[in-house]
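Heads up: the structure comes next, in structure tokens.
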Amino acid sequence: MEWDEIQRVAVIFAHPDDAEYGSAGTSAKLARAGKEVTYVVVTDGSKGSSDPEMTRARLAEIRREEQCRAAEILGVQHVEFLNFEDGVLQPTLDLRKAVTAAIRRYKPDVVICPTPDRNLSMGVFVQHPDHLAVGEASLAAVYPSARDRMTFPELLAEGLEPHNVREVWVTGTGDSDHFIDITETIDTKIKALKAHASQVTSDVETWMPERARQIGEPHGMQYAEGFRRIEIG
């Protein structure tokens with residue numbers, strides 16, 4: 001699928017801020033090109049604090065607000081929160097149905113989601129079990145659930161007709177084969193990351209460009225984000 005053919009993209013991820021780390025430069029580039037970008041945030045983000053005075057309800061509210069600010073910075077048009085509990089996510093049928101419903105609702109040509117596979121050669125950061133559960137549920141939703149009329153027939157009663165996603169771009173795999181040049185949007189990516197003030201440290205302005213440079217330079221790009229591309233047809 002060529003870049004100009006893409007009209008709608010859904011980024012599906014576990015926690016508020018995951019998408020900013022993995023694909024915010026790409027989301028900003030898509031939005032600047034007039035594509036419709038949707039965020040589907042699976043968990044409530046209610047576990048990401050070591051502050052003994054913080055409550056889960058308050059943290060979930062803070063992180064929801066931070067995610068909405070980040071999405072606005074990037075030009076993301078829709079943000080849907082599925083509100084599953086943070087930290088204990090499993091790739092259940094309930095999760096698959098919720099993701100399927102989002103895919104049918106927003107009808108993306110491309111879905112961006114995390115890998116479902118634990119790669120022992122990579123750091124623990126991208127190996128969070130919630131990330132893996134979202135990867136499994138998202139791929140199962142893309143095929144076959146979102147396109148299968150007989151699966152989750154209750155969604156038909158809600159007016160959510162089957163939809164065929166054309167491609168999936170998987171983050172966090174360690175074996176990317178599809179690279180998006182984010183040289184023009186790296187500053188926007190960093191600004192969106194900084195919107196997650198409860199989670200992100202000030203050194204993000206140093207290490208994030210370096211990470212994007214390491215991905216991009218071998219492919220002739222100053223800064224890039226990498227994905228494993230799955231063409232579905």
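Going through the structure tokens in order, the chains are called A, B, and so on, while each chain numbers its residues from 1 and the ligands are numbered from 1 in the order shown.
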
- request: Name the residues of stretch 6-223 of chain A that come out as strand (DSSP E or B) in a backbone DSSP run; write them as a PyMOL selection string.
  value: chain A and resi 8-13+36-43+78-84+110-114+167-171+178-181

Selection export as an mmCIF file, in the first residue's frame, atoms kept: N, CA and C atoms:
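Listing of result-v6.cif after writing:
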data_model
loop_
_atom_site.group_PDB
_atom_site.id
_atom_site.type_symbol
_atom_site.label_atom_id
_atom_site.label_comp_id
_atom_site.auth_asym_id
_atom_site.auth_seq_id
_atom_site.Cartn_x
_atom_site.Cartn_y
_atom_site.Cartn_z
ATOM 1 N N ARG A 8 -6.880 6.437 6.511
ATOM 2 C CA ARG A 8 -7.166 6.365 7.945
ATOM 3 C C ARG A 8 -6.206 5.385 8.622
ATOM 4 N N VAL A 9 -5.731 5.762 9.804
ATOM 5 C CA VAL A 9 -4.811 4.929 10.579
ATOM 6 C C VAL A 9 -5.305 4.872 12.019
ATOM 7 N N ALA A 10 -5.280 3.673 12.613
ATOM 8 C CA ALA A 10 -5.586 3.509 14.032
ATOM 9 C C ALA A 10 -4.338 3.011 14.746
ATOM 10 N N VAL A 11 -3.957 3.708 15.799
ATOM 11 C CA VAL A 11 -2.822 3.318 16.630
ATOM 12 C C VAL A 11 -3.400 2.734 17.917
ATOM 13 N N ILE A 12 -3.141 1.449 18.147
ATOM 14 C CA ILE A 12 -3.730 0.733 19.276
ATOM 15 C C ILE A 12 -2.603 0.401 20.250
ATOM 16 N N PHE A 13 -2.750 0.790 21.509
ATOM 17 C CA PHE A 13 -1.645 0.631 22.447
ATOM 18 C C PHE A 13 -2.172 0.492 23.873
ATOM 19 N N GLU A 36 -6.445 10.671 8.526
ATOM 20 C CA GLU A 36 -7.212 10.633 9.770
ATOM 21 C C GLU A 36 -6.564 9.634 10.717
ATOM 22 N N VAL A 37 -6.067 10.122 11.846
ATOM 23 C CA VAL A 37 -5.360 9.282 12.808
ATOM 24 C C VAL A 37 -6.201 9.137 14.069
ATOM 25 N N THR A 38 -6.365 7.894 14.507
ATOM 26 C CA THR A 38 -7.132 7.583 15.711
ATOM 27 C C THR A 38 -6.238 6.865 16.710
ATOM 28 N N TYR A 39 -6.338 7.240 17.969
ATOM 29 C CA TYR A 39 -5.681 6.542 19.060
ATOM 30 C C TYR A 39 -6.702 5.680 19.796
ATOM 31 N N VAL A 40 -6.346 4.420 20.039
ATOM 32 C CA VAL A 40 -7.152 3.534 20.871
ATOM 33 C C VAL A 40 -6.281 3.147 22.069
ATOM 34 N N VAL A 41 -6.602 3.691 23.242
ATOM 35 C CA VAL A 41 -5.822 3.494 24.458
ATOM 36 C C VAL A 41 -6.509 2.399 25.276
ATOM 37 N N VAL A 42 -5.844 1.279 25.451
ATOM 38 C CA VAL A 42 -6.528 0.109 26.009
ATOM 39 C C VAL A 42 -6.693 0.176 27.524
ATOM 40 N N THR A 43 -5.642 0.527 28.272
ATOM 41 C CA THR A 43 -5.756 0.525 29.736
ATOM 42 C C THR A 43 -5.938 1.941 30.273
ATOM 43 N N HIS A 78 -8.969 11.469 16.789
ATOM 44 C CA HIS A 78 -9.843 10.762 17.721
ATOM 45 C C HIS A 78 -8.992 10.041 18.764
ATOM 46 N N VAL A 79 -9.443 10.072 20.019
ATOM 47 C CA VAL A 79 -8.807 9.298 21.078
ATOM 48 C C VAL A 79 -9.916 8.525 21.793
ATOM 49 N N GLU A 80 -9.823 7.199 21.738
ATOM 50 C CA GLU A 80 -10.801 6.347 22.421
ATOM 51 C C GLU A 80 -10.101 5.591 23.540
ATOM 52 N N PHE A 81 -10.678 5.658 24.736
ATOM 53 C CA PHE A 81 -10.141 4.974 25.911
ATOM 54 C C PHE A 81 -11.011 3.762 26.209
ATOM 55 N N LEU A 82 -10.402 2.573 26.192
ATOM 56 C CA LEU A 82 -11.155 1.352 26.467
ATOM 57 C C LEU A 82 -11.235 1.050 27.960
ATOM 58 N N ASN A 83 -10.344 1.632 28.759
ATOM 59 C CA ASN A 83 -10.429 1.606 30.221
ATOM 60 C C ASN A 83 -10.324 0.224 30.851
ATOM 61 N N PHE A 84 -9.539 -0.667 30.261
ATOM 62 C CA PHE A 84 -9.188 -1.907 30.944
ATOM 63 C C PHE A 84 -8.185 -1.574 32.053
ATOM 64 N N VAL A 110 -4.699 1.246 7.890
ATOM 65 C CA VAL A 110 -3.508 0.738 8.569
ATOM 66 C C VAL A 110 -3.748 0.737 10.070
ATOM 67 N N VAL A 111 -3.365 -0.349 10.718
ATOM 68 C CA VAL A 111 -3.350 -0.426 12.181
ATOM 69 C C VAL A 111 -1.895 -0.475 12.638
ATOM 70 N N ILE A 112 -1.554 0.370 13.591
ATOM 71 C CA ILE A 112 -0.249 0.323 14.255
ATOM 72 C C ILE A 112 -0.469 -0.249 15.649
ATOM 73 N N CYS A 113 0.278 -1.295 15.997
ATOM 74 C CA CYS A 113 0.091 -1.941 17.291
ATOM 75 C C CYS A 113 1.399 -2.559 17.762
ATOM 76 N N PRO A 114 1.498 -2.901 19.049
ATOM 77 C CA PRO A 114 2.721 -3.536 19.542
ATOM 78 C C PRO A 114 2.814 -5.000 19.142
ATOM 79 N N GLU A 167 -3.221 -3.121 6.107
ATOM 80 C CA GLU A 167 -1.864 -3.357 6.588
ATOM 81 C C GLU A 167 -1.812 -3.191 8.099
ATOM 82 N N VAL A 168 -0.848 -3.885 8.714
ATOM 83 C CA VAL A 168 -0.511 -3.674 10.117
ATOM 84 C C VAL A 168 0.964 -3.315 10.200
ATOM 85 N N TRP A 169 1.283 -2.271 10.976
ATOM 86 C CA TRP A 169 2.659 -1.889 11.249
ATOM 87 C C TRP A 169 2.913 -2.174 12.725
ATOM 88 N N VAL A 170 3.785 -3.126 12.999
ATOM 89 C CA VAL A 170 3.995 -3.619 14.363
ATOM 90 C C VAL A 170 5.220 -2.956 14.969
ATOM 91 N N THR A 171 5.076 -2.432 16.175
ATOM 92 C CA THR A 171 6.181 -1.781 16.883
ATOM 93 C C THR A 171 6.830 -2.747 17.868
ATOM 94 N N HIS A 178 10.185 -1.829 7.861
ATOM 95 C CA HIS A 178 9.465 -0.702 7.276
ATOM 96 C C HIS A 178 9.809 0.530 8.109
ATOM 97 N N PHE A 179 10.377 1.555 7.454
ATOM 98 C CA PHE A 179 10.911 2.694 8.184
ATOM 99 C C PHE A 179 10.262 3.982 7.681
ATOM 100 N N ILE A 180 9.826 4.796 8.619
ATOM 101 C CA ILE A 180 9.198 6.072 8.303
ATOM 102 C C ILE A 180 10.140 7.192 8.718
ATOM 103 N N ASP A 181 10.460 8.053 7.779
ATOM 104 C CA ASP A 181 11.338 9.194 8.039
ATOM 105 C C ASP A 181 10.565 10.224 8.872
#

field: Nearest residue to A:Thr185 from the set A:Gly172, A:Pro52, A:Gly135, A:Pro209 (distances using only C-alpha atoms)
entry: A:Pro209

task: Pull the helix (DSSP H, G or I) assignments for chain A out of DSSP run on the backbone, and list those residues as a ChimeraX atom specification.
output: /A:3-5,18-32,56-74,93-106,124-127,129-142,145-147,154-157,186-194,204-219

Save out the residues we just selected, C-alpha atoms, as a tab-separated table (two decimals), in the first residue's frame.
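Generated output (part20.tsv):
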chain	number	residue	atom	x	y	z
A	3	TRP	CA	1.61	6.33	1.31
A	4	ASP	CA	-0.82	8.34	-0.83
A	5	GLU	CA	-3.38	5.54	-0.64
A	18	ASP	CA	3.12	4.11	24.62
A	19	ALA	CA	2.19	5.56	21.23
A	20	GLU	CA	4.38	8.60	21.76
A	21	TYR	CA	7.40	6.40	22.36
A	22	GLY	CA	6.76	4.02	19.47
A	23	SER	CA	5.12	5.92	16.65
A	24	ALA	CA	4.36	9.57	17.45
A	25	GLY	CA	6.65	10.87	14.71
A	26	THR	CA	4.78	8.74	12.21
A	27	SER	CA	1.39	9.83	13.59
A	28	ALA	CA	2.37	13.49	13.28
A	29	LYS	CA	3.59	12.93	9.72
A	30	LEU	CA	0.35	11.16	8.80
A	31	ALA	CA	-1.74	13.93	10.33
A	32	ARG	CA	0.24	16.62	8.52
A	56	ARG	CA	-5.32	4.94	41.05
A	57	ALA	CA	-8.35	7.08	40.22
A	58	ARG	CA	-6.36	10.30	40.28
A	59	LEU	CA	-3.51	8.83	38.25
A	60	ALA	CA	-5.93	7.51	35.62
A	61	GLU	CA	-7.42	11.00	35.34
A	62	ILE	CA	-3.99	12.63	35.03
A	63	ARG	CA	-2.83	10.22	32.37
A	64	ARG	CA	-6.05	10.56	30.39
A	65	GLU	CA	-5.54	14.33	30.31
A	66	GLU	CA	-1.88	13.93	29.33
A	67	GLN	CA	-2.79	11.58	26.49
A	68	CYS	CA	-5.37	13.98	25.13
A	69	ARG	CA	-2.82	16.83	25.18
A	70	ALA	CA	-0.25	14.68	23.40
A	71	ALA	CA	-2.79	13.68	20.75
A	72	GLU	CA	-3.69	17.33	20.16
A	73	ILE	CA	-0.02	18.21	19.69
A	74	LEU	CA	0.34	15.46	17.08
A	93	LEU	CA	-12.15	-12.34	24.06
A	94	ASP	CA	-13.52	-9.24	25.82
A	95	LEU	CA	-10.39	-7.32	24.89
A	96	ARG	CA	-10.46	-8.62	21.32
A	97	LYS	CA	-14.10	-7.60	20.99
A	98	ALA	CA	-13.37	-4.09	22.28
A	99	VAL	CA	-10.52	-3.67	19.80
A	100	THR	CA	-12.64	-5.17	17.02
A	101	ALA	CA	-15.36	-2.64	17.76
A	102	ALA	CA	-12.85	0.21	17.54
A	103	ILE	CA	-11.52	-1.04	14.22
A	104	ARG	CA	-15.02	-1.32	12.80
A	105	ARG	CA	-15.90	2.13	14.17
A	106	TYR	CA	-12.95	4.02	12.68
A	124	VAL	CA	12.32	-5.14	29.30
A	125	PHE	CA	10.75	-1.77	28.44
A	126	VAL	CA	8.95	-3.04	25.35
A	127	GLN	CA	8.23	-6.40	26.96
A	129	PRO	CA	2.86	-7.94	29.49
A	130	ASP	CA	0.15	-5.36	28.76
A	131	HIS	CA	1.94	-4.48	25.51
A	132	LEU	CA	2.09	-8.14	24.50
A	133	ALA	CA	-1.59	-8.64	25.31
A	134	VAL	CA	-2.57	-5.63	23.19
A	135	GLY	CA	-0.45	-6.94	20.33
A	136	GLU	CA	-2.14	-10.33	20.41
A	137	ALA	CA	-5.64	-8.88	20.73
A	138	SER	CA	-5.04	-6.32	17.97
A	139	LEU	CA	-3.72	-8.84	15.45
A	140	ALA	CA	-6.59	-11.21	16.26
A	141	ALA	CA	-9.04	-8.34	15.87
A	142	VAL	CA	-7.58	-7.33	12.50
A	145	SER	CA	-12.62	-10.70	13.92
A	146	ALA	CA	-12.99	-7.22	12.41
A	147	ARG	CA	-13.70	-8.60	8.94
A	154	GLU	CA	-23.70	-8.15	18.80
A	155	LEU	CA	-21.49	-5.53	17.16
A	156	LEU	CA	-23.71	-5.65	14.09
A	157	ALA	CA	-26.63	-4.67	16.29
A	186	ILE	CA	10.99	14.59	15.63
A	187	ASP	CA	10.46	17.85	17.53
A	188	THR	CA	6.70	17.25	17.56
A	189	LYS	CA	7.27	13.72	18.85
A	190	ILE	CA	9.39	15.04	21.72
A	191	LYS	CA	6.84	17.74	22.53
A	192	ALA	CA	4.08	15.12	22.64
A	193	LEU	CA	6.18	12.89	24.90
A	194	LYS	CA	6.77	15.80	27.27
A	204	VAL	CA	13.91	12.66	26.77
A	205	GLU	CA	15.18	15.55	24.61
A	206	THR	CA	18.57	13.85	24.53
A	207	TRP	CA	17.95	10.14	24.28
A	208	MET	CA	14.87	10.13	22.04
A	209	PRO	CA	16.56	11.85	19.07
A	210	GLU	CA	19.54	9.54	19.51
A	211	ARG	CA	17.28	6.50	19.42
A	212	ALA	CA	15.53	7.80	16.28
A	213	ARG	CA	18.91	8.54	14.70
A	214	GLN	CA	20.12	4.99	15.32
A	215	ILE	CA	17.00	3.66	13.58
A	216	GLY	CA	17.15	6.08	10.68
A	217	GLU	CA	20.80	6.44	9.68
A	218	PRO	CA	21.27	2.89	8.32
A	219	HIS	CA	18.38	3.64	5.94

Separation of atom CA of A:Thr115 from atom CA of A:Gly174, in Å and rounded to one decimal: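 Taking atom CA of A:Thr115 as the start and atom CA of A:Gly174 as the end point, the length is 9.5 Å.
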
Write out as a CSV table (one decimal) with C-alpha atoms, in the first residue's frame each polymer residue whose atoms come within 8 Å of A:Gly48, counting only C-alpha atoms; drop sequence neighbours fewer than 2 positions from it.
chain,number,residue,atom,x,y,z
A,45,GLY,CA,-2.8,3.8,33.0
A,46,SER,CA,-3.6,3.7,36.7
A,50,SER,CA,5.6,5.2,42.8
A,59,LEU,CA,-3.5,8.8,38.2
A,199,GLN,CA,5.9,9.7,33.3

- line: Here atom CA of A:Asp148 and atom CA of A:Asp117 stand apart by 24.4 Å

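Candidate residues A:Thr201, A:Gln222, A:Asn119, A:Gln90 were compared for distance to A:Asp175, and the nearest is A:Asn119, using only C-alpha atoms.
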
field: Selected residue, from A:Pro16, A:Gly75, A:Pro108, A:Pro144, that lies nearest to A:Ala33 when counting only C-alpha atoms
entry: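 Ranking A:Pro16, A:Gly75, A:Pro108, A:Pro144 by distance to A:Ala33, first place goes to A:Gly75.
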
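Atom to atom, atom CA of A:Glu184 and atom CA of A:Gly226 stand 15.6 Å apart.
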